[in-house]
>>> print(open('data.cif').read())   # mmCIF, C-alpha atoms
data_model
loop_
_atom_site.label_atom_id
_atom_site.label_comp_id
_atom_site.auth_asym_id
_atom_site.auth_seq_id
_atom_site.Cartn_x
_atom_site.Cartn_y
_atom_site.Cartn_z
CA MET A 1 14.13 27.65 2.20
CA ASN A 2 15.50 27.56 5.76
CA LEU A 3 15.51 24.50 7.99
CA VAL A 4 12.62 25.66 10.19
CA ASN A 5 10.39 26.19 7.16
CA GLN A 6 11.33 22.78 5.76
CA LEU A 7 10.48 21.08 9.05
CA ALA A 8 7.18 22.97 9.08
CA ASP A 9 6.45 21.62 5.58
CA VAL A 10 7.18 18.09 6.78
CA THR A 11 4.71 18.40 9.66
CA ALA A 12 2.01 19.49 7.19
CA LEU A 13 2.10 16.04 5.57
CA ARG A 14 -0.40 13.33 6.46
CA ASP A 15 0.85 10.56 4.20
CA LEU A 16 3.72 8.14 4.82
CA GLU A 17 4.90 7.98 1.21
CA ARG A 18 5.17 11.76 1.01
CA LEU A 19 6.82 11.84 4.42
CA ASP A 20 9.60 9.58 3.12
CA GLN A 21 10.01 11.85 0.10
CA ALA A 22 10.15 14.92 2.33
CA LEU A 23 12.90 13.33 4.43
CA VAL A 24 15.05 12.75 1.34
CA THR A 25 14.45 16.30 0.10
CA LEU A 26 15.37 17.69 3.52
CA VAL A 27 18.66 15.75 3.53
CA MET A 28 19.50 16.82 -0.02
CA ASP A 29 18.83 20.49 0.73
CA THR A 30 20.78 20.61 3.99
CA LEU A 31 23.76 18.30 3.32
CA ARG A 32 24.09 18.56 -0.48
CA PRO A 33 25.20 14.92 -0.99
CA GLU A 34 25.53 13.11 -4.32
CA TRP A 35 22.27 11.31 -3.64
CA ALA A 36 19.98 10.26 -0.80
CA ALA A 37 17.35 7.55 -0.60
CA VAL A 38 14.83 5.89 1.70
CA ARG A 39 14.55 2.14 1.13
CA MET A 40 12.06 -0.02 3.00
CA THR A 41 12.00 -3.79 3.41
CA VAL A 42 9.15 -5.92 2.10
CA HIS A 43 8.68 -9.60 2.89
CA ASP A 44 8.45 -12.20 0.13
CA HIS A 45 8.64 -15.39 2.18
CA PRO A 46 11.24 -16.73 2.64
CA HIS A 47 13.02 -13.69 1.19
CA VAL A 48 13.29 -10.07 2.27
CA ARG A 49 13.54 -7.44 -0.47
CA TRP A 50 14.10 -3.71 -0.84
CA THR A 51 11.74 -1.16 -2.32
CA VAL A 52 12.78 2.44 -3.00
CA ARG A 53 10.34 4.84 -1.36
CA ALA A 54 12.25 7.95 -2.43
CA LEU A 55 15.57 8.66 -4.15
CA GLN A 56 16.97 12.00 -5.25
CA ARG A 57 20.25 12.73 -7.06
CA ALA A 58 22.18 15.98 -7.10
CA ASN A 59 21.59 18.12 -10.20
CA GLU A 60 18.41 16.22 -11.05
CA VAL A 61 14.90 17.55 -10.77
CA GLY A 62 12.37 15.33 -9.05
CA LEU A 63 12.36 12.16 -7.01
CA HIS A 64 12.61 8.55 -8.09
CA PHE A 65 10.72 5.66 -6.48
CA ASP A 66 9.75 2.11 -7.34
CA SER A 67 6.53 1.82 -9.29
CA PRO A 68 3.63 0.36 -7.30
CA SER A 69 3.11 -2.02 -10.22
CA LEU A 70 6.43 -3.82 -9.65
CA ALA A 71 5.99 -7.46 -8.71
CA LEU A 72 7.83 -8.65 -5.60
CA GLU A 73 10.23 -10.80 -7.60
CA GLN A 74 11.37 -7.69 -9.47
CA LEU A 75 12.60 -6.05 -6.27
CA PRO A 76 16.24 -6.58 -5.19
CA LEU A 77 17.01 -8.98 -2.35
CA LEU A 78 18.19 -7.76 1.04
CA ASP A 79 21.83 -8.76 0.53
CA THR A 80 22.18 -6.61 -2.59
CA GLN A 81 22.52 -3.65 -0.20
CA LEU A 82 25.07 -5.02 2.25
CA GLU A 83 25.69 -1.84 4.24
CA ALA A 84 21.97 -1.17 4.51
CA ALA A 85 21.36 -4.73 5.71
CA ARG A 86 24.18 -4.35 8.25
CA ALA A 87 22.67 -1.11 9.57
CA LEU A 88 19.34 -2.89 10.10
CA ALA A 89 20.99 -5.85 11.82
CA GLN A 90 23.04 -3.66 14.17
CA GLY A 91 20.42 -0.97 14.72
CA ASP A 92 23.10 1.71 14.30
CA PRO A 93 24.40 3.81 11.39
CA CYS A 94 26.99 2.17 9.15
CA PHE A 95 29.60 3.98 7.08
CA SER A 96 31.63 2.71 4.13
CA ILE A 97 33.53 3.83 1.04
CA ASP A 98 33.23 2.20 -2.38
CA ASP A 99 35.75 1.57 -5.14
CA GLU A 100 35.05 5.00 -6.62
CA ALA A 101 35.83 6.73 -3.32
CA GLN A 102 32.17 7.54 -2.71
CA HIS A 103 31.24 7.61 0.96
CA LEU A 104 27.98 5.88 1.91
CA ALA A 105 26.15 6.35 5.21
CA CYS A 106 23.22 4.08 6.13
CA PHE A 107 20.91 5.06 8.99
CA PRO A 108 18.35 2.43 10.15
CA LEU A 109 14.64 3.26 10.26
CA PHE A 110 12.14 1.30 12.32
CA ASP A 111 8.46 1.66 13.17
CA ASP A 112 6.10 0.18 15.74
CA ASP A 113 4.45 -2.07 13.14
CA GLY A 114 7.64 -4.03 12.57
CA GLY A 115 8.56 -2.19 9.40
CA ALA A 116 12.20 -1.49 8.72
CA GLY A 117 14.20 0.55 6.27
CA VAL A 118 17.23 2.75 5.84
CA LEU A 119 18.12 6.30 4.95
CA GLN A 120 21.14 6.19 2.63
CA ILE A 121 23.35 9.22 1.99
CA ALA A 122 26.15 9.10 -0.59
CA SER A 123 28.72 11.89 -0.86
CA SER A 124 32.22 12.60 -2.11
CA GLU A 125 33.46 13.17 1.44
CA ALA A 126 32.85 11.38 4.71
CA MET A 127 30.12 12.86 6.88
CA THR A 128 31.32 14.98 9.77
CA GLN A 129 30.23 14.26 13.33
CA GLU A 130 28.09 17.38 13.22
CA GLN A 131 26.34 16.13 10.08
CA VAL A 132 25.78 12.71 11.64
CA ARG A 133 24.21 14.37 14.70
CA MET A 134 22.04 16.52 12.44
CA VAL A 135 20.76 13.51 10.49
CA SER A 136 20.15 11.62 13.74
CA SER A 137 18.05 14.57 14.93
CA PHE A 138 16.14 14.54 11.64
CA LEU A 139 15.42 10.86 12.11
CA ARG A 140 14.15 11.28 15.67
CA PHE A 141 11.82 13.97 14.37
CA TYR A 142 10.86 11.79 11.39
CA GLY A 143 10.24 8.73 13.58
CA ASN A 144 8.04 10.59 16.05
CA PHE A 145 6.04 12.24 13.29
CA ARG A 146 5.74 8.97 11.36
CA GLU A 147 4.10 7.42 14.43
CA LEU A 148 1.59 10.28 14.56
CA VAL A 149 0.76 9.90 10.87
CA THR A 150 0.43 6.13 11.26
CA ASP A 151 -1.91 6.50 14.23
CA ASN A 152 -3.99 9.02 12.28
CA GLU A 153 -4.45 6.87 9.18
CA ARG A 154 -4.96 3.44 10.78
CA ASP A 155 -8.07 1.67 12.00
CA LEU A 156 -7.62 1.08 15.73
CA LEU A 157 -8.94 -2.48 15.74
CA THR A 158 -7.35 -4.04 12.65
CA GLY A 159 -4.40 -1.76 11.88
CA LEU A 160 -5.62 -1.42 8.28
CA LEU A 161 -5.99 2.01 6.70
CA ASN A 162 -9.09 3.87 7.82
CA ARG A 163 -11.90 5.54 5.91
CA LYS A 164 -10.55 9.09 6.08
CA THR A 165 -7.35 8.13 4.23
CA PHE A 166 -9.27 6.55 1.38
CA ASP A 167 -10.01 9.56 -0.85
CA GLU A 168 -6.38 10.55 -1.35
CA ALA A 169 -5.30 6.96 -1.94
CA PHE A 170 -8.15 6.58 -4.43
CA THR A 171 -7.08 9.70 -6.31
CA ARG A 172 -3.56 8.33 -6.70
CA ALA A 173 -4.83 4.97 -7.93
CA ALA A 174 -7.18 6.64 -10.42
CA GLN A 175 -4.37 8.84 -11.72
CA MET A 176 -2.44 5.72 -12.68
CA THR A 177 -5.01 5.16 -15.41
CA LEU A 178 -4.60 8.59 -17.03
CA ALA A 179 -1.40 7.79 -18.94
CA ARG A 180 -2.24 4.14 -19.51
CA GLU A 181 -3.17 2.84 -22.94
CA GLN A 182 -5.90 0.24 -23.01
CA THR A 183 -4.17 -3.01 -24.01
CA ALA A 184 -5.38 -6.57 -23.90
CA PRO A 185 -3.80 -8.47 -21.01
CA THR A 186 -1.01 -10.78 -22.14
CA GLN A 187 -0.25 -12.33 -18.77
CA ASP A 188 -0.86 -15.98 -18.06
CA LEU A 189 -4.29 -16.36 -16.50
CA ASP A 190 -2.71 -18.27 -13.60
CA GLN A 191 -0.45 -15.33 -12.76
CA ARG A 192 -1.32 -12.08 -11.15
CA ALA A 193 1.43 -10.16 -12.93
CA ALA A 194 1.70 -6.46 -12.18
CA SER A 195 2.22 -4.10 -15.07
CA ALA A 196 2.32 -0.34 -15.52
CA ASP A 197 -0.09 -0.87 -18.44
CA SER A 198 -2.60 -2.73 -16.29
CA PRO A 199 -5.53 -0.97 -14.64
CA ALA A 200 -6.19 -0.31 -10.98
CA TRP A 201 -9.15 -1.87 -9.19
CA LEU A 202 -11.38 -1.20 -6.22
CA GLY A 203 -12.78 -4.13 -4.30
CA MET A 204 -15.46 -4.06 -1.61
CA ILE A 205 -15.46 -6.97 0.84
CA ASP A 206 -18.35 -7.80 3.15
CA VAL A 207 -18.29 -10.50 5.84
CA ASP A 208 -21.37 -12.66 5.33
CA HIS A 209 -23.81 -12.91 8.26
CA PHE A 210 -21.52 -10.89 10.54
CA LYS A 211 -24.44 -9.60 12.60
CA ARG A 212 -25.28 -13.22 13.39
CA VAL A 213 -21.71 -13.71 14.68
CA ASN A 214 -22.03 -10.72 17.02
CA ASP A 215 -25.50 -11.72 18.19
CA THR A 216 -24.52 -15.36 18.81
CA TYR A 217 -20.98 -15.10 20.18
CA GLY A 218 -20.67 -11.49 21.32
CA HIS A 219 -18.70 -8.50 20.11
CA LEU A 220 -15.35 -9.72 21.44
CA VAL A 221 -15.54 -12.76 19.18
CA GLY A 222 -16.75 -10.52 16.37
CA ASP A 223 -13.72 -8.29 16.84
CA GLU A 224 -11.45 -11.34 16.70
CA VAL A 225 -13.04 -12.33 13.39
CA LEU A 226 -12.29 -8.87 12.00
CA LEU A 227 -8.70 -9.02 13.24
CA LEU A 228 -8.16 -12.41 11.62
CA MET A 229 -9.81 -11.20 8.42
CA ALA A 230 -7.38 -8.28 8.29
CA ARG A 231 -4.51 -10.75 8.71
CA LEU A 232 -5.82 -12.85 5.81
CA MET A 233 -6.06 -9.72 3.67
CA ARG A 234 -2.44 -8.81 4.35
CA ALA A 235 -1.40 -12.32 3.36
CA CYS A 236 -3.40 -12.33 0.12
CA PHE A 237 -2.53 -8.93 -1.33
CA ARG A 238 0.73 -7.30 -2.38
CA HIS A 239 2.66 -4.77 -0.32
CA THR A 240 1.70 -2.02 -2.81
CA ASP A 241 -2.05 -2.67 -2.55
CA ARG A 242 -3.99 -0.51 -0.10
CA LEU A 243 -6.21 -2.24 2.45
CA PHE A 244 -8.95 -0.34 4.31
CA ARG A 245 -11.51 -1.05 6.95
CA PHE A 246 -14.52 1.16 6.35
CA GLY A 247 -16.25 0.23 9.59
CA GLY A 248 -18.22 -2.73 10.84
CA GLU A 249 -17.64 -5.78 8.65
CA GLU A 250 -16.87 -3.81 5.49
CA PHE A 251 -13.40 -3.69 3.93
CA VAL A 252 -12.09 -2.03 0.78
CA VAL A 253 -9.01 -2.82 -1.32
CA LEU A 254 -7.29 -0.59 -3.87
CA LEU A 255 -5.43 -2.94 -6.17
CA ARG A 256 -2.68 -1.44 -8.31
CA GLY A 257 -1.56 -2.58 -11.74
CA ALA A 258 -3.34 -5.86 -12.50
CA PRO A 259 -5.29 -7.18 -15.51
CA GLN A 260 -8.89 -8.25 -14.92
CA ALA A 261 -7.87 -11.90 -14.63
CA GLY A 262 -5.20 -10.96 -12.08
CA ALA A 263 -7.62 -8.87 -10.03
CA ALA A 264 -10.17 -11.69 -10.09
CA ARG A 265 -7.48 -14.13 -8.96
CA ALA A 266 -6.46 -11.89 -6.06
CA PHE A 267 -10.00 -11.42 -4.73
CA GLU A 268 -10.80 -15.09 -5.25
CA LYS A 269 -7.66 -15.97 -3.29
CA LEU A 270 -8.97 -13.96 -0.33
CA ARG A 271 -12.47 -15.41 -0.63
CA LEU A 272 -11.11 -18.96 -0.59
CA ALA A 273 -8.67 -18.21 2.25
CA ALA A 274 -11.57 -17.01 4.41
CA GLU A 275 -13.79 -19.95 3.45
CA ILE A 276 -11.26 -22.59 4.51
CA TYR A 277 -10.05 -20.78 7.64
CA ASP A 278 -11.24 -22.17 10.96
CA PHE A 279 -12.26 -19.09 12.95
CA PRO A 280 -12.12 -19.72 16.72
CA GLN A 281 -15.57 -20.52 18.20
CA VAL A 282 -17.30 -19.44 14.99
CA GLY A 283 -15.88 -21.96 12.54
CA ARG A 284 -16.65 -21.14 8.91
CA ILE A 285 -16.94 -17.54 7.69
CA THR A 286 -17.50 -16.51 4.08
CA LEU A 287 -17.10 -13.29 2.13
CA SER A 288 -19.09 -11.54 -0.57
CA VAL A 289 -16.78 -9.47 -2.76
CA GLY A 290 -17.45 -7.00 -5.56
CA PHE A 291 -14.70 -5.31 -7.56
CA THR A 292 -14.51 -2.78 -10.37
CA GLU A 293 -11.91 -1.21 -12.65
CA LEU A 294 -10.96 2.38 -11.88
CA LEU A 295 -11.52 4.88 -14.69
CA PRO A 296 -9.45 8.00 -15.47
CA ASP A 297 -12.31 10.34 -14.51
CA ASP A 298 -13.59 8.17 -11.65
CA THR A 299 -14.81 9.45 -8.30
CA PRO A 300 -14.70 7.54 -5.02
CA HIS A 301 -18.49 7.55 -4.82
CA ALA A 302 -18.96 6.16 -8.33
CA ALA A 303 -16.37 3.39 -7.93
CA LEU A 304 -17.68 2.37 -4.51
CA GLU A 305 -21.21 2.30 -5.91
CA ARG A 306 -20.17 -0.04 -8.74
CA ALA A 307 -18.34 -2.37 -6.35
CA ASP A 308 -21.30 -2.31 -3.96
CA ARG A 309 -23.67 -3.34 -6.77
CA ALA A 310 -21.44 -6.34 -7.44
CA VAL A 311 -21.50 -7.22 -3.72
CA TYR A 312 -25.30 -7.01 -3.82
CA VAL A 313 -25.43 -9.49 -6.72
CA ALA A 314 -23.06 -11.81 -4.84
CA LYS A 315 -25.28 -11.76 -1.76
CA GLN A 316 -28.49 -12.19 -3.75
CA SER A 317 -27.07 -15.19 -5.60
CA GLY A 318 -25.89 -17.18 -2.60
CA ARG A 319 -23.03 -15.19 -1.01
CA ASN A 320 -19.45 -16.51 -0.78
CA GLN A 321 -18.52 -15.12 -4.21
CA ALA A 322 -16.10 -12.60 -5.73
CA LEU A 323 -17.74 -10.84 -8.69
CA CYS A 324 -16.49 -8.24 -11.15
CA HIS A 325 -18.87 -5.36 -11.90
CA GLU A 326 -17.75 -5.07 -15.52
CA ARG A 327 -18.19 -8.81 -16.11
CA LEU A 328 -21.67 -8.67 -14.57
CA VAL A 329 -22.59 -5.86 -16.98
CA GLU A 330 -21.18 -7.84 -19.93
CA ASP A 331 -23.21 -10.88 -18.89
CA GLY A 332 -26.40 -8.84 -18.57
CA ARG A 333 -26.72 -9.44 -14.82
CA LEU A 334 -26.34 -5.72 -14.11
CA ALA A 335 -27.42 -2.69 -16.11
CA PRO A 336 -24.55 -0.39 -17.06
CA PRO A 337 -24.32 2.93 -15.19
CA VAL A 338 -25.62 5.93 -17.12
CA SER A 339 -23.35 8.97 -16.95
CA VAL A 340 -24.87 12.44 -16.82
CA GLY A 341 -22.07 14.98 -16.69
CA SER A 342 -19.70 13.72 -14.01
CA VAL A 343 -22.38 11.72 -12.16
CA ASP A 344 -23.17 8.06 -12.74
CA PHE A 345 -26.75 6.88 -12.27
CA PHE A 346 -27.50 3.20 -11.74
#
>>> encode(input="data.cif", output="structure tokens")
Amino acid sequence: MNLVNQLADVTALRDLERLDQALVTLVMDTLRPEWAAVRMTVHDHPHVRWTVRALQRANEVGLHFDSPSLALEQLPLLDTQLEAARALAQGDPCFSIDDEAQHLACFPLFDDDGGAGVLQIASSEAMTQEQVRMVSSFLRFYGNFRELVTDNERDLLTGLLNRKTFDEAFTRAAQMTLAREQTAPTQDLDQRAASADSPAWLGMIDVDHFKRVNDTYGHLVGDEVLLLMARLMRACFRHTDRLFRFGGEEFVVLLRGAPQAGAARAFEKLRLAAEIYDFPQVGRITLSVGFTELLPDDTPHAALERADRAVYVAKQSGRNQALCHERLVEDGRLAPPVSVGSVDFF
């Protein structure tokens, strides 16, 4: 495949994870190094860690990347990749050679949201100036296109993912359950441990009495409440979880790799964070949350419907609650959905 066709394939992508993978594939196909990788930084206060977004080795089929179910403490710290950290600090490419005479080039990656990462290229020979210029051109192209993709998939007000990116993200989360064996959670109930054997979850979050906020204080104050709520969500969930604003006061979370107790803990953490937060002018704001486990043959509509039923129960029983659909069914507070073919009826 020639370079023009490969660049055309890159521009067909509308997903940041796949864009990172396409960049690595492009470098491998054009430069033929020993390996290439995109690593991004994630914050685990007070630490900064690395996550592998895409890594490909010569003579191997397929890409490697860190599992979304990895807990933050399982990711390597920033200083384990010294040359990569130096490239970020300087804002310029860094070049080195290791004890095995392997040459490593680290090119910094930045985005408008404050994210940072590196493209690493390892080869048996030092990169030529022409190759460095070529990679720099790739990265200008990558950076510009990454901004377009980011603008396309983000909610303008909150910066969270928007509704039109949800279906593809949902499909990925549901696919995680296909190869998973149903096992009883062994994690401590006070930990939200991530595991590849743990299910994925969908949570629907509704701001209680939000219309009253808009009617009383105006839409500018209402928008500020939504912005602050998005900030609380980012603080309460992991970097691998997907946070969406569906419009108005409705938010959705796709939670990856957590047992039921861990999912409940995560949504309860958000509910409590909102309850104790002092929102400017408004004061106290509460949330009604419903969440449900994703099934191997799930559809977005069916999962959203289950979560919405749990939200309804939360609102009918006093609001300011985070309720699990499956637990509500077990307790007899909700009737189980009846499946007819691929459609669930409630």
>>> atom_distance(input="data.cif", atom1="atom CA of Gly248 of chain A", atom2="atom CA of Arg271 of chain A")
18.0 Å
>>> residues_around(input="data.cif", residues="Ala230 of chain A", least_positions_apart="6", cutoff="10 Å", atoms="only C-alpha atoms", output="PyMOL selection string")
chain A and resi 157-160+224+236+243-245+251
>>> atom_distance(input="data.cif", atom1="atom CA of Asp208 of chain A", atom2="atom CA of Ser288 of chain A")
6.4 Å
>>> closest_residue(input="data.cif", among="A:Asp297, A:Leu272, A:Leu156, A:Ser317", to="Leu226 of chain A", atoms="only C-alpha atoms")
A:Leu156
>>> atom_distance(input="data.cif", atom1="atom CA of Pro108 of chain A", atom2="atom CA of Glu83 of chain A")
10.3 Å
>>> resolve_selection(input="data.cif", expression="the PyMOL selection byres ((chain A and resi 258) around 6)", output="number ranges by chain")
A: 194, 198-199, 257, 259, 262-263
>>> residues_around(input="data.cif", residues="Asn59 of chain A", least_positions_apart="5", cutoff="12 Å", atoms="all atoms listed in the file", output="number ranges by chain")
A: 28-29, 32-35
>>> resolve_selection(input="data.cif", expression="the PyMOL selection byres ((chain A and resi 70-80) around 12)", output="compact mmCIF listing (two decimals) with C-alpha atoms, in the frame of the given file")
# COMPACT_ATOMS: atom_id res chain seq x y z
CA ARG A 39 14.55 2.14 1.13
CA MET A 40 12.06 -0.02 3.00
CA THR A 41 12.00 -3.79 3.41
CA VAL A 42 9.15 -5.92 2.10
CA HIS A 43 8.68 -9.60 2.89
CA ASP A 44 8.45 -12.20 0.13
CA HIS A 45 8.64 -15.39 2.18
CA PRO A 46 11.24 -16.73 2.64
CA HIS A 47 13.02 -13.69 1.19
CA VAL A 48 13.29 -10.07 2.27
CA ARG A 49 13.54 -7.44 -0.47
CA TRP A 50 14.10 -3.71 -0.84
CA THR A 51 11.74 -1.16 -2.32
CA VAL A 52 12.78 2.44 -3.00
CA PHE A 65 10.72 5.66 -6.48
CA ASP A 66 9.75 2.11 -7.34
CA SER A 67 6.53 1.82 -9.29
CA PRO A 68 3.63 0.36 -7.30
CA SER A 69 3.11 -2.02 -10.22
CA GLN A 81 22.52 -3.65 -0.20
CA LEU A 82 25.07 -5.02 2.25
CA GLU A 83 25.69 -1.84 4.24
CA ALA A 84 21.97 -1.17 4.51
CA ALA A 85 21.36 -4.73 5.71
CA ARG A 86 24.18 -4.35 8.25
CA ALA A 87 22.67 -1.11 9.57
CA LEU A 88 19.34 -2.89 10.10
CA ALA A 89 20.99 -5.85 11.82
CA ALA A 116 12.20 -1.49 8.72
CA GLY A 117 14.20 0.55 6.27
CA VAL A 118 17.23 2.75 5.84
CA GLN A 191 -0.45 -15.33 -12.76
CA ARG A 192 -1.32 -12.08 -11.15
CA ALA A 193 1.43 -10.16 -12.93
CA ALA A 194 1.70 -6.46 -12.18
CA SER A 195 2.22 -4.10 -15.07
CA ALA A 196 2.32 -0.34 -15.52
CA ASP A 197 -0.09 -0.87 -18.44
CA SER A 198 -2.60 -2.73 -16.29
CA PHE A 237 -2.53 -8.93 -1.33
CA ARG A 238 0.73 -7.30 -2.38
CA HIS A 239 2.66 -4.77 -0.32
CA THR A 240 1.70 -2.02 -2.81
CA ASP A 241 -2.05 -2.67 -2.55
CA ARG A 256 -2.68 -1.44 -8.31
CA GLY A 257 -1.56 -2.58 -11.74
CA ALA A 258 -3.34 -5.86 -12.50
>>> resolve_selection(input="data.cif", expression="the PyMOL selection byres ((chain A and resi 168) around 12)", output="list of chain:residue names")
A:Arg14, A:Asp15, A:Glu17, A:Arg18, A:Glu153, A:Leu161, A:Asn162, A:Arg163, A:Lys164, A:Thr165, A:Phe166, A:Asp167, A:Ala169, A:Phe170, A:Thr171, A:Arg172, A:Ala173, A:Ala174, A:Gln175, A:Arg242, A:Leu254, A:Thr299, A:Pro300
